[in-house]
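With compact mmCIF, C-alpha atoms inside, this is data-v5.txt:
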# COMPACT_ATOMS: atom_id res chain seq x y z
CA MET A 1 79.23 145.31 144.56
CA LYS A 2 76.68 148.07 144.88
CA THR A 3 73.83 146.78 146.99
CA ARG A 4 70.24 147.82 146.31
CA GLY A 5 66.92 146.92 147.87
CA ASN A 6 64.69 144.31 146.32
CA GLN A 7 61.99 146.78 145.33
CA ALA A 8 60.30 146.62 141.95
CA ASP A 9 58.10 149.21 140.26
CA LEU A 10 54.74 147.49 140.64
CA ALA A 11 53.02 150.16 138.52
CA SER A 12 55.27 149.73 135.47
CA SER A 13 53.76 148.51 132.22
CA SER A 14 56.93 146.42 131.81
CA ASN A 15 55.80 144.50 134.87
CA GLY A 16 52.35 143.90 133.41
CA SER A 17 50.38 146.82 134.83
CA THR A 18 47.63 148.39 132.71
CA ILE A 19 45.23 151.32 132.78
CA LEU A 20 41.67 150.03 133.15
CA PHE A 21 39.90 153.37 133.14
CA ALA A 22 40.59 157.10 132.89
CA THR A 23 38.10 159.94 132.86
CA ASP A 24 40.04 161.99 130.30
CA ASP A 25 43.04 161.60 127.95
CA PHE A 26 42.74 164.82 125.99
CA PHE A 27 46.34 166.05 125.86
CA ALA A 28 48.17 162.82 126.77
CA VAL A 29 46.96 159.32 127.62
CA ALA A 30 47.06 157.81 131.10
CA GLU A 31 49.22 154.90 129.87
CA ASN A 32 52.18 157.30 129.91
CA LEU A 33 51.93 157.37 133.72
CA ILE A 34 53.16 153.78 133.97
CA SER A 35 55.74 153.82 131.18
CA PRO A 36 59.09 152.37 132.29
CA LYS A 37 60.89 155.09 130.31
CA ASP A 38 61.90 158.34 131.92
CA PRO A 39 59.83 161.29 130.65
CA ILE A 40 61.28 163.46 127.90
CA TRP A 41 60.69 166.97 126.56
CA LEU A 42 60.31 167.75 122.86
CA ALA A 43 60.05 171.50 122.60
CA ASP A 44 58.71 171.71 119.05
CA LYS A 45 56.31 168.75 119.10
CA TYR A 46 52.60 169.55 118.95
CA THR A 47 49.51 167.50 118.14
CA GLU A 48 46.11 168.59 116.84
CA PHE A 49 45.04 168.79 120.49
CA GLY A 50 47.90 170.94 121.75
CA LYS A 51 51.42 170.60 123.12
CA TRP A 52 52.69 167.00 123.15
CA MET A 53 53.50 165.96 126.70
CA ASP A 54 55.14 162.78 128.01
CA GLY A 55 52.74 161.98 130.81
CA TRP A 56 49.03 161.87 131.56
CA GLU A 57 47.39 165.23 130.92
CA THR A 58 43.68 165.95 130.99
CA ARG A 59 41.86 168.93 129.52
CA ARG A 60 41.12 171.98 131.66
CA LYS A 61 38.09 171.00 133.72
CA ARG A 62 34.88 172.76 132.70
CA ILE A 63 32.39 170.30 134.21
CA VAL A 64 31.56 169.03 137.69
CA GLY A 65 34.02 166.61 139.29
CA HIS A 66 37.71 165.76 139.02
CA ASP A 67 39.81 163.42 136.89
CA TRP A 68 40.81 159.93 137.99
CA ALA A 69 42.16 156.66 136.68
CA ILE A 70 42.37 153.01 137.70
CA ILE A 71 45.57 150.99 137.39
CA LYS A 72 45.56 147.20 137.47
CA ILE A 73 48.82 145.98 139.03
CA GLY A 74 50.46 143.34 136.86
CA CYS A 75 52.39 141.71 139.71
CA PRO A 76 50.37 142.35 142.89
CA GLY A 77 52.46 143.13 145.92
CA PHE A 78 53.22 145.27 148.93
CA ILE A 79 53.84 148.94 148.16
CA GLN A 80 56.52 150.68 150.22
CA GLU A 81 57.17 153.92 148.36
CA ILE A 82 55.29 156.16 145.96
CA GLN A 83 57.21 158.30 143.50
CA ILE A 84 55.44 160.96 141.47
CA ASP A 85 57.22 162.92 138.75
CA THR A 86 55.67 166.10 137.31
CA ALA A 87 58.54 166.54 134.83
CA PHE A 88 57.98 169.32 132.28
CA PHE A 89 54.48 170.10 133.54
CA THR A 90 55.57 173.55 134.65
CA GLY A 91 52.32 175.49 134.19
CA ASN A 92 49.91 172.62 133.82
CA HIS A 93 50.75 170.13 136.57
CA THR A 94 48.07 168.61 138.78
CA PRO A 95 47.75 170.77 141.93
CA LYS A 96 46.81 167.92 144.26
CA VAL A 97 46.74 164.13 144.05
CA GLU A 98 45.34 161.25 146.09
CA ILE A 99 46.08 157.54 145.71
CA LEU A 100 43.85 154.70 146.89
CA ALA A 101 44.56 150.97 146.85
CA ALA A 102 42.51 147.77 146.89
CA THR A 103 42.93 144.00 146.89
CA LEU A 104 40.42 142.53 144.47
CA ASP A 105 39.85 139.44 142.39
CA GLU A 106 40.01 139.72 138.60
CA GLU A 107 36.24 139.55 138.17
CA ASP A 108 35.48 142.03 140.97
CA LEU A 109 36.11 145.15 138.91
CA VAL A 110 34.56 145.53 135.45
CA PHE A 111 34.84 148.75 133.45
CA PRO A 112 33.64 149.91 130.07
CA ASP A 113 36.07 149.07 127.24
CA ARG A 114 38.95 151.50 127.37
CA VAL A 115 39.81 153.75 124.44
CA SER A 116 43.37 155.03 124.88
CA ALA A 117 43.67 157.98 122.50
CA MET A 118 44.59 161.63 122.71
CA GLY A 119 41.58 163.88 122.36
CA SER A 120 39.28 161.36 124.02
CA ALA A 121 37.37 161.22 127.28
CA ALA A 122 35.07 158.76 128.97
CA SER A 123 31.41 159.48 128.28
CA PRO A 124 29.24 160.66 131.17
CA ASN A 125 27.52 157.27 131.13
CA ASP A 126 30.87 155.43 131.27
CA VAL A 127 31.98 157.60 134.19
CA LEU A 128 28.80 156.69 136.04
CA LYS A 129 29.39 152.98 135.37
CA ALA A 130 33.03 153.20 136.46
CA THR A 131 32.09 155.12 139.61
CA ALA A 132 29.54 152.45 140.48
CA ALA A 133 32.10 149.69 139.88
CA VAL A 134 34.70 151.16 142.25
CA SER A 135 32.09 152.08 144.87
CA LYS A 136 31.25 148.40 145.39
CA HIS A 137 34.64 147.77 146.99
CA SER A 138 36.72 148.99 149.89
CA TRP A 139 39.64 151.24 148.96
CA GLY A 140 42.33 152.16 151.45
CA VAL A 141 44.08 155.53 151.36
CA LEU A 142 47.65 154.93 150.25
CA LEU A 143 48.46 158.63 149.84
CA PRO A 144 46.06 161.24 151.26
CA LYS A 145 45.31 164.35 149.24
CA THR A 146 48.74 165.90 148.69
CA THR A 147 50.01 169.03 146.97
CA LEU A 148 52.28 168.53 143.96
CA ASN A 149 54.95 170.93 142.77
CA PRO A 150 55.62 172.13 139.22
CA GLY A 151 57.73 169.97 136.93
CA VAL A 152 60.92 172.01 136.95
CA GLU A 153 64.09 170.13 137.82
CA GLU A 154 64.25 171.43 141.38
CA THR A 155 60.70 170.40 142.34
CA ARG A 156 59.52 167.70 139.92
CA HIS A 157 60.35 164.67 142.08
CA HIS A 158 57.99 163.66 144.89
CA SER A 159 58.56 160.65 147.15
CA PHE A 160 56.35 159.23 149.90
CA ALA A 161 56.98 156.28 152.22
CA VAL A 162 53.89 154.08 152.59
CA SER A 163 53.00 150.55 153.66
CA THR A 164 50.33 148.01 152.77
CA LYS A 165 49.32 144.97 154.81
CA ARG A 166 47.75 143.10 151.89
CA PRO A 167 48.97 142.63 148.32
CA VAL A 168 47.66 145.51 146.20
CA THR A 169 45.95 144.51 142.95
CA HIS A 170 44.41 147.85 141.90
CA VAL A 171 45.22 151.50 142.45
CA ARG A 172 43.08 154.58 141.93
CA ILE A 173 44.80 157.90 141.28
CA ASN A 174 42.70 161.01 141.80
CA MET A 175 43.69 164.33 140.23
CA TYR A 176 42.31 167.43 141.92
CA PRO A 177 40.91 168.70 139.71
CA ASP A 178 42.81 168.14 136.45
CA GLY A 179 46.21 168.70 134.82
CA GLY A 180 49.30 166.65 134.15
CA ILE A 181 51.55 164.10 135.85
CA ALA A 182 54.52 162.61 134.03
CA ARG A 183 55.09 159.33 135.89
CA LEU A 184 53.81 157.27 138.80
CA ARG A 185 56.12 154.70 140.39
CA LEU A 186 54.88 152.28 143.05
CA LEU A 187 57.92 150.65 144.58
CA GLY A 188 57.56 147.49 146.59
CA THR A 189 57.85 143.73 146.70
CA VAL A 190 55.82 141.19 144.76
CA ALA A 191 53.54 138.87 146.71
CA PRO A 192 54.89 135.32 146.29
CA PRO A 193 52.76 132.65 144.63
CA ASP A 194 51.14 129.88 146.64
CA TRP A 195 54.11 127.55 146.33
CA GLY A 196 52.24 124.74 148.05
CA SER A 197 49.95 124.48 145.02
CA VAL A 198 52.78 124.40 142.46
CA ASP A 199 53.36 121.06 140.74
CA PRO A 200 56.97 120.04 141.57
CA ASN A 201 57.24 118.64 138.04
CA ALA A 202 56.16 121.89 136.39
CA LEU A 203 58.86 123.95 134.69
CA ILE A 204 58.56 127.54 135.90
CA ASP A 205 60.71 130.66 135.79
CA LEU A 206 62.19 130.67 139.28
CA ALA A 207 63.78 134.11 138.83
CA ALA A 208 60.75 135.90 137.38
CA LEU A 209 59.47 138.97 139.16
CA GLN A 210 55.93 137.59 139.21
CA ASN A 211 57.25 134.50 141.00
CA GLY A 212 59.02 136.50 143.68
CA GLY A 213 62.48 136.82 142.11
CA THR A 214 64.50 139.79 143.33
CA ILE A 215 67.81 141.51 142.63
CA ILE A 216 70.13 141.37 145.64
CA SER A 217 73.16 143.23 144.32
CA PHE A 218 75.00 144.22 141.15
CA THR A 219 78.23 145.84 140.07
CA ASP A 220 77.04 148.37 137.49
CA ALA A 221 73.79 149.70 136.02
CA HIS A 222 74.98 152.76 134.12
CA TYR A 223 72.45 152.51 131.30
CA GLY A 224 69.80 150.16 132.70
CA SER A 225 68.88 148.35 135.90
CA PRO A 226 69.31 144.57 136.26
CA ALA A 227 65.76 144.55 137.69
CA LYS A 228 64.63 144.65 134.06
CA LEU A 229 66.16 141.20 133.51
CA ILE A 230 63.28 139.54 135.35
CA ALA A 231 60.36 141.63 134.08
CA PRO A 232 57.46 139.48 132.85
CA SER A 233 57.09 141.35 129.56
CA GLU A 234 59.26 141.09 126.46
CA SER A 235 61.87 143.82 126.14
CA LEU A 236 60.66 146.77 124.09
CA GLY A 237 64.04 148.33 123.34
CA MET A 238 67.63 148.74 124.39
CA TRP A 239 66.46 150.98 127.23
CA ASP A 240 64.41 148.09 128.59
CA GLY A 241 67.24 145.84 129.78
CA TRP A 242 70.32 145.67 132.00
CA GLU A 243 73.23 147.55 130.45
CA THR A 244 76.55 148.48 132.00
CA LYS A 245 79.02 151.12 130.92
CA ARG A 246 82.09 150.19 128.87
CA THR A 247 85.05 149.07 130.93
CA THR A 248 87.25 152.14 131.35
CA GLY A 249 90.53 150.23 131.63
CA ARG A 250 89.94 147.94 128.64
CA PRO A 251 93.05 146.88 126.69
CA GLU A 252 94.17 148.90 123.71
CA GLU A 253 94.04 145.71 121.66
CA LEU A 254 92.08 142.60 122.54
CA THR A 255 93.72 139.18 122.55
CA GLU A 256 92.41 135.68 123.19
CA ASP A 257 92.97 133.91 126.47
CA VAL A 258 93.74 130.19 126.69
CA ASN A 259 90.03 129.36 126.32
CA GLY A 260 89.53 131.53 123.25
CA PHE A 261 87.72 134.39 125.00
CA VAL A 262 88.67 138.03 124.40
CA GLY A 263 86.53 139.58 127.15
CA SER A 264 88.26 138.17 130.21
CA TYR A 265 89.82 141.51 131.16
CA ALA A 266 86.63 142.51 133.02
CA LYS A 267 83.25 141.28 134.20
CA GLN A 268 79.98 142.60 135.61
CA GLU A 269 77.71 140.69 137.96
CA ALA A 270 74.12 140.65 139.16
CA VAL A 271 73.07 138.45 142.08
CA LEU A 272 69.45 137.34 142.20
CA ARG A 273 67.42 135.59 144.85
CA LEU A 274 65.02 133.11 143.29
CA GLY A 275 61.35 133.25 144.21
CA HIS A 276 61.70 129.73 145.60
CA ALA A 277 64.54 127.25 145.92
CA GLY A 278 64.52 124.89 142.97
CA VAL A 279 66.49 122.71 140.59
CA ILE A 280 67.41 124.69 137.49
CA ARG A 281 66.91 122.84 134.21
CA LYS A 282 67.62 125.48 131.58
CA VAL A 283 68.53 129.14 131.22
CA VAL A 284 67.39 131.59 128.54
CA VAL A 285 69.51 134.68 127.85
CA ASP A 286 67.85 137.34 125.71
CA THR A 287 70.10 139.98 124.12
CA LYS A 288 67.32 141.37 121.94
CA HIS A 289 68.01 144.98 120.82
CA PHE A 290 71.67 144.78 121.92
CA LYS A 291 73.42 144.60 118.56
CA GLY A 292 76.73 146.40 119.02
CA ASN A 293 76.87 146.25 122.78
CA PHE A 294 75.99 142.69 123.80
CA PRO A 295 78.35 140.84 126.20
CA GLU A 296 80.94 138.54 124.68
CA SER A 297 80.03 135.73 127.06
CA PHE A 298 78.32 134.87 130.32
CA GLU A 299 78.25 132.31 133.11
CA LEU A 300 75.63 131.45 135.69
CA LEU A 301 76.47 130.21 139.17
CA GLY A 302 74.07 128.89 141.79
CA ARG A 303 74.22 128.91 145.58
CA VAL A 304 72.71 126.07 147.54
CA PRO A 305 70.18 126.78 150.33
CA GLY A 306 71.60 127.29 153.80
CA LYS A 307 74.75 129.11 152.69
CA ARG A 308 74.51 132.72 153.79
CA LYS A 309 77.75 134.34 152.66
CA LEU A 310 77.27 135.54 149.11
CA ASP A 311 80.94 136.57 148.88
CA ASN A 312 82.23 133.05 149.62
CA GLU A 313 83.22 131.74 146.19
CA GLU A 314 83.28 128.14 147.45
CA ASP A 315 79.53 128.25 148.03
CA TRP A 316 78.81 128.87 144.33
CA VAL A 317 78.58 126.07 141.76
CA PRO A 318 78.37 126.31 137.95
CA VAL A 319 74.86 126.11 136.51
CA VAL A 320 75.90 127.21 133.01
CA ARG A 321 79.64 127.40 132.39
CA ARG A 322 81.08 130.36 130.55
CA THR A 323 79.54 130.50 127.10
CA ARG A 324 79.56 132.94 124.19
CA LEU A 325 76.55 135.13 123.48
CA GLN A 326 75.25 136.61 120.24
CA ALA A 327 73.84 139.97 119.24
CA ASP A 328 70.08 140.53 119.27
CA SER A 329 69.28 136.89 120.02
CA ILE A 330 67.34 134.64 122.39
CA LEU A 331 69.59 131.73 123.38
CA GLU A 332 68.73 128.69 125.47
CA PHE A 333 71.25 126.74 127.52
CA ALA A 334 70.88 123.46 129.39
CA ALA A 335 71.87 123.58 133.07
CA GLU A 336 74.73 121.47 134.35
CA ALA A 337 73.62 118.01 135.42
CA GLY A 338 73.76 117.15 139.12
CA VAL A 339 73.32 120.68 140.46
CA GLY A 340 71.01 120.48 143.47
CA PRO A 341 68.40 122.94 144.68
CA THR A 342 69.51 126.54 144.21
CA GLU A 343 68.36 129.59 146.14
CA GLU A 344 70.48 132.41 144.71
CA ILE A 345 72.15 132.82 141.32
CA LYS A 346 75.03 134.96 140.14
CA PHE A 347 74.72 136.11 136.53
CA THR A 348 78.13 137.24 135.23
CA ILE A 349 78.71 138.90 131.86
CA TYR A 350 82.11 139.41 130.23
CA PRO A 351 83.41 142.05 129.92
CA ASP A 352 80.35 144.36 129.97
CA GLY A 353 77.35 145.23 127.82
CA GLY A 354 73.60 144.68 127.79
CA VAL A 355 71.10 141.86 128.27
CA SER A 356 67.34 142.29 127.89
CA ARG A 357 65.93 139.35 129.85
CA LEU A 358 67.08 136.35 131.87
CA ARG A 359 64.82 133.33 132.36
CA VAL A 360 65.80 130.62 134.84
CA LEU A 361 63.55 127.62 134.28
CA GLY A 362 63.38 124.82 136.82
CA ASN A 363 61.36 122.77 139.27
CA VAL A 364 60.39 123.93 142.74
CA SER A 365 62.08 121.96 145.52
CA HIS A 366 61.56 122.13 149.27
CA PRO A 367 59.98 125.21 150.87
CA ARG A 368 62.32 128.01 151.86
CA ALA A 369 63.39 127.76 155.50
Kindly present the structure from the file in structure tokens form.
Amino acid sequence: MKTRGNQADLASSSNGSTILFATDDFFAVAENLISPKDPIWLADKYTEFGKWMDGWETRRKRIVGHDWAIIKIGCPGFIQEIQIDTAFFTGNHTPKVEILAATLDEEDLVFPDRVSAMGSAASPNDVLKATAAVSKHSWGVLLPKTTLNPGVEETRHHSFAVSTKRPVTHVRINMYPDGGIARLRLLGTVAPPDWGSVDPNALIDLAALQNGGTIISFTDAHYGSPAKLIAPSESLGMWDGWETKRTTGRPEELTEDVNGFVGSYAKQEAVLRLGHAGVIRKVVVDTKHFKGNFPESFELLGRVPGKRKLDNEEDWVPVVRRTRLQADSILEFAAEAGVGPTEEIKFTIYPDGGVSRLRVLGNVSHPRA
């Protein structure tokens, strides 16, 4: 299996992040910065304000100051890498950028109501209010003022290793002075909940990103990462889910096996570490948007705490035995009775295809060792 780190994009709108404030959205709104989609170029698309761009682009500055925006992180966590993409901003990219971070309570930062619309800008009074709001708090420098390159293929991608000692809840991005940025990715790990305060009888999603669930490894992610399986938001489209490529060596004609399945000739797997060991009660598999490319069937295995070899098949027990799936559906399955506390799960689809979301609902057990 191809092994990947357990990083998530903490800035992504799919993971609950939002734009609280932006000084200017004239050519393209700041929400595009945190879109989970890759930026695209439409050569002939224009709006009444100018060329349509897939990113955040402000007007050419003709007043004092510089442009900036505030992002509220949907799943607060520890940022380890910043990725900035200036794709397609070849003559209008932001020359320099700076990123600040803070750890704040919900009520600590109040901004004027946001209007997210091309052609708009915050009023001078709203900018003053927003400036006063951020000035009340301490902001650490996550990325010092840094030069960005034009958005041609050879220079569009920028990556910076960083670290944070406290979970980041808000980020400020400063443009110097104006221009366009296609995407901002803040890669890191989600801060775990306070498990000691969780009711052991409460049914929670043990695999959810916001509860500390992570992807350990997977076999294929040709069209979409399995990290999307555990996003807190509903899937917005086929691009917003885990999808593998078609099996290259598939049979010329499909036939049933002894159990009535036709997809047994191949399988794809994703291994997840739960946010906390727990007893799984039910599993929800969401194939929304996957209509002609959903998996034929799936199974879910669990690994008990204390077992450390993920490749030892004897350490895995069935949580949901192999079961057929349906196109564009949200299906709920009861977990096998008698399965004890589980720390990792292996989600296997047959033979390939796409799944939008996976919810693993259960009760928290003992604290992780």
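In this comparison, which uses all atoms listed in the file, the residue of A:Thr244, A:Thr323, A:Ser123, A:Thr90 approaching Pro226 of chain A most closely is A:Thr244.
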Problem set entry | Pairwise distance for atom CA of Tyr46 of chain A and atom CA of Lys61 of chain A, rounded to one decimal in Å |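 Taking atom CA of Tyr46 of chain A as the start and atom CA of Lys61 of chain A as the end point, the length is 20.8 Å.
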Problem set entry | Nearest residue to Thr155 of chain A from the set A:Val190, A:Val364, A:Ile84, A:Val64 (distances using all atoms listed in the file) | A:Ile84
For this session: Could you check which of A:Ala182, A:Val110, A:Val134, A:Ile345 is closest to Asp54 of chain A, using only C-alpha atoms?
Result: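 The closest residue to Asp54 of chain A is A:Ala182.
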Exercise. What separation in Å, quoted to one decimal, exists between atom CA of Ile230 of chain A and atom CA of Gly74 of chain A?
Worked result: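 That distance, rounded to one decimal, is 13.5 Å.
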Exercise. Mind pulling up the distance from atom CA of Ala207 of chain A to atom CA of Ser14 of chain A?
Worked result: 15.7 Å
Let me have the centre and edge lengths of the axis-aligned box enclosing all listed atoms of segment 107-116 of chain A with 4 Å padding on every side, in Å to one decimal, as JSON.
{"center_x": 38.5, "center_y": 147.3, "center_z": 132.7, "size_x": 17.7, "size_y": 23.5, "size_z": 24.5}
For this session: Step by step: start from the point (55.4, 130.3, 137.4) in the file's coordinates, keep every protein, DNA or RNA residue that has an atom no farther than 10 Å from it, count only C-alpha atoms, and write the set as number ranges by chain.
Result: A: 193, 195, 198, 202-212, 275, 361-364
Problem set entry | Option closest in space to Gly302 of chain A, from A:Val271, A:Leu109, A:Leu186, A:Ala8 [counting all atoms listed in the file] |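 Among the listed residues, the smallest separation from Gly302 of chain A belongs to A:Val271.
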Exercise. Hey, which of A:Lys165, A:Lys51, A:His137, A:Arg281 ends up closest to Gln80 of chain A? Count only C-alpha atoms.
Worked result: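 That would be A:Lys165, the residue with the smallest distance to Gln80 of chain A.
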Exercise. For Ile99 of chain A, which of A:Ile330, A:Ile63, A:Val171, A:Ala43 is the closest residue, counting all atoms listed in the file?
Worked result: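 Answer, going by the shortest atom-to-atom distance: A:Val171.
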Problem set entry | Spatial neighbours of His93 of chain A, max dist 8 Å, all atoms listed in the file, sep filter under 2 positions, as a VMD selection string | chain A and resid 86 89 to 91 95 148 to 151 179 to 181
For this session: Tell me which protein, DNA and RNA residues are within 12 Å of Lys267 of chain A, counting all atoms listed in the file, leaving out same-chain ones fewer than 5 positions away, and put them as a list in words.
Result: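 Once the nearby chain positions are removed, what remains is Met1, Phe218, Thr219, Asp220, Thr244, Lys245, Arg246, Thr247, Thr248, Gly249, Arg250, Val262, Pro295, Glu296, Ser297, Phe298, Glu299, Arg322, Lys346, Phe347, Thr348, Ile349, Tyr350, Pro351, Asp352 and Gly353 of chain A.
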Exercise. Near Glu332 of chain A, within 9 Å and counting only C-alpha atoms, which residues show up once chain neighbours fewer than 5 positions away are dropped, as a VMD selection string?
Worked result: chain A and resid 282 to 286
Problem set entry | Non-local contacts of segment 112-118 of chain A (7 Å; all atoms listed in the file; under 6 positions in same chain excluded) as a list in words | Leu20, Phe21, Asp25, Phe26, Phe27, Ala28, Val29 and Asp126 of chain A
File of the preceding selection, C-alpha atoms, as a CSV table (one decimal), in the coordinates of the input:
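Listed below is the output, out.csv:
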chain,number,residue,atom,x,y,z
A,20,LEU,CA,41.7,150.0,133.2
A,21,PHE,CA,39.9,153.4,133.1
A,25,ASP,CA,43.0,161.6,128.0
A,26,PHE,CA,42.7,164.8,126.0
A,27,PHE,CA,46.3,166.0,125.9
A,28,ALA,CA,48.2,162.8,126.8
A,29,VAL,CA,47.0,159.3,127.6
A,126,ASP,CA,30.9,155.4,131.3
Counting all atoms listed in the file, which residues in segment 61-116 of chain A sit no more than 9 Å from segment 31-42 of chain A? For each one, give the nearest pair of atoms and the distance in Å, sorted by chain then residue number, as CSV.
residue,atom,partner,partner_atom,distance
A:Ile71,CA,A:Ile34,CA,8.8
A:Asp85,CA,A:Pro39,CA,8.7
A:Ala87,CA,A:Pro39,CA,6.8
A:Phe88,CA,A:Trp41,CA,6.8
A:Ser116,CA,A:Glu31,CA,7.7
Close residues, Gly340 of chain A itself excluded, 8 Å, only C-alpha atoms, min 3 positions apart in chain, as a PDB file with C-alpha atoms, in the coordinates of the input:
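Saved as selection_21.pdb:
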ATOM      1  CA  GLY A 278      64.520 124.890 142.970  1.00  0.00           C
ATOM      2  CA  VAL A 279      66.490 122.710 140.590  1.00  0.00           C
ATOM      3  CA  VAL A 304      72.710 126.070 147.540  1.00  0.00           C
TER       4      VAL A 304
END
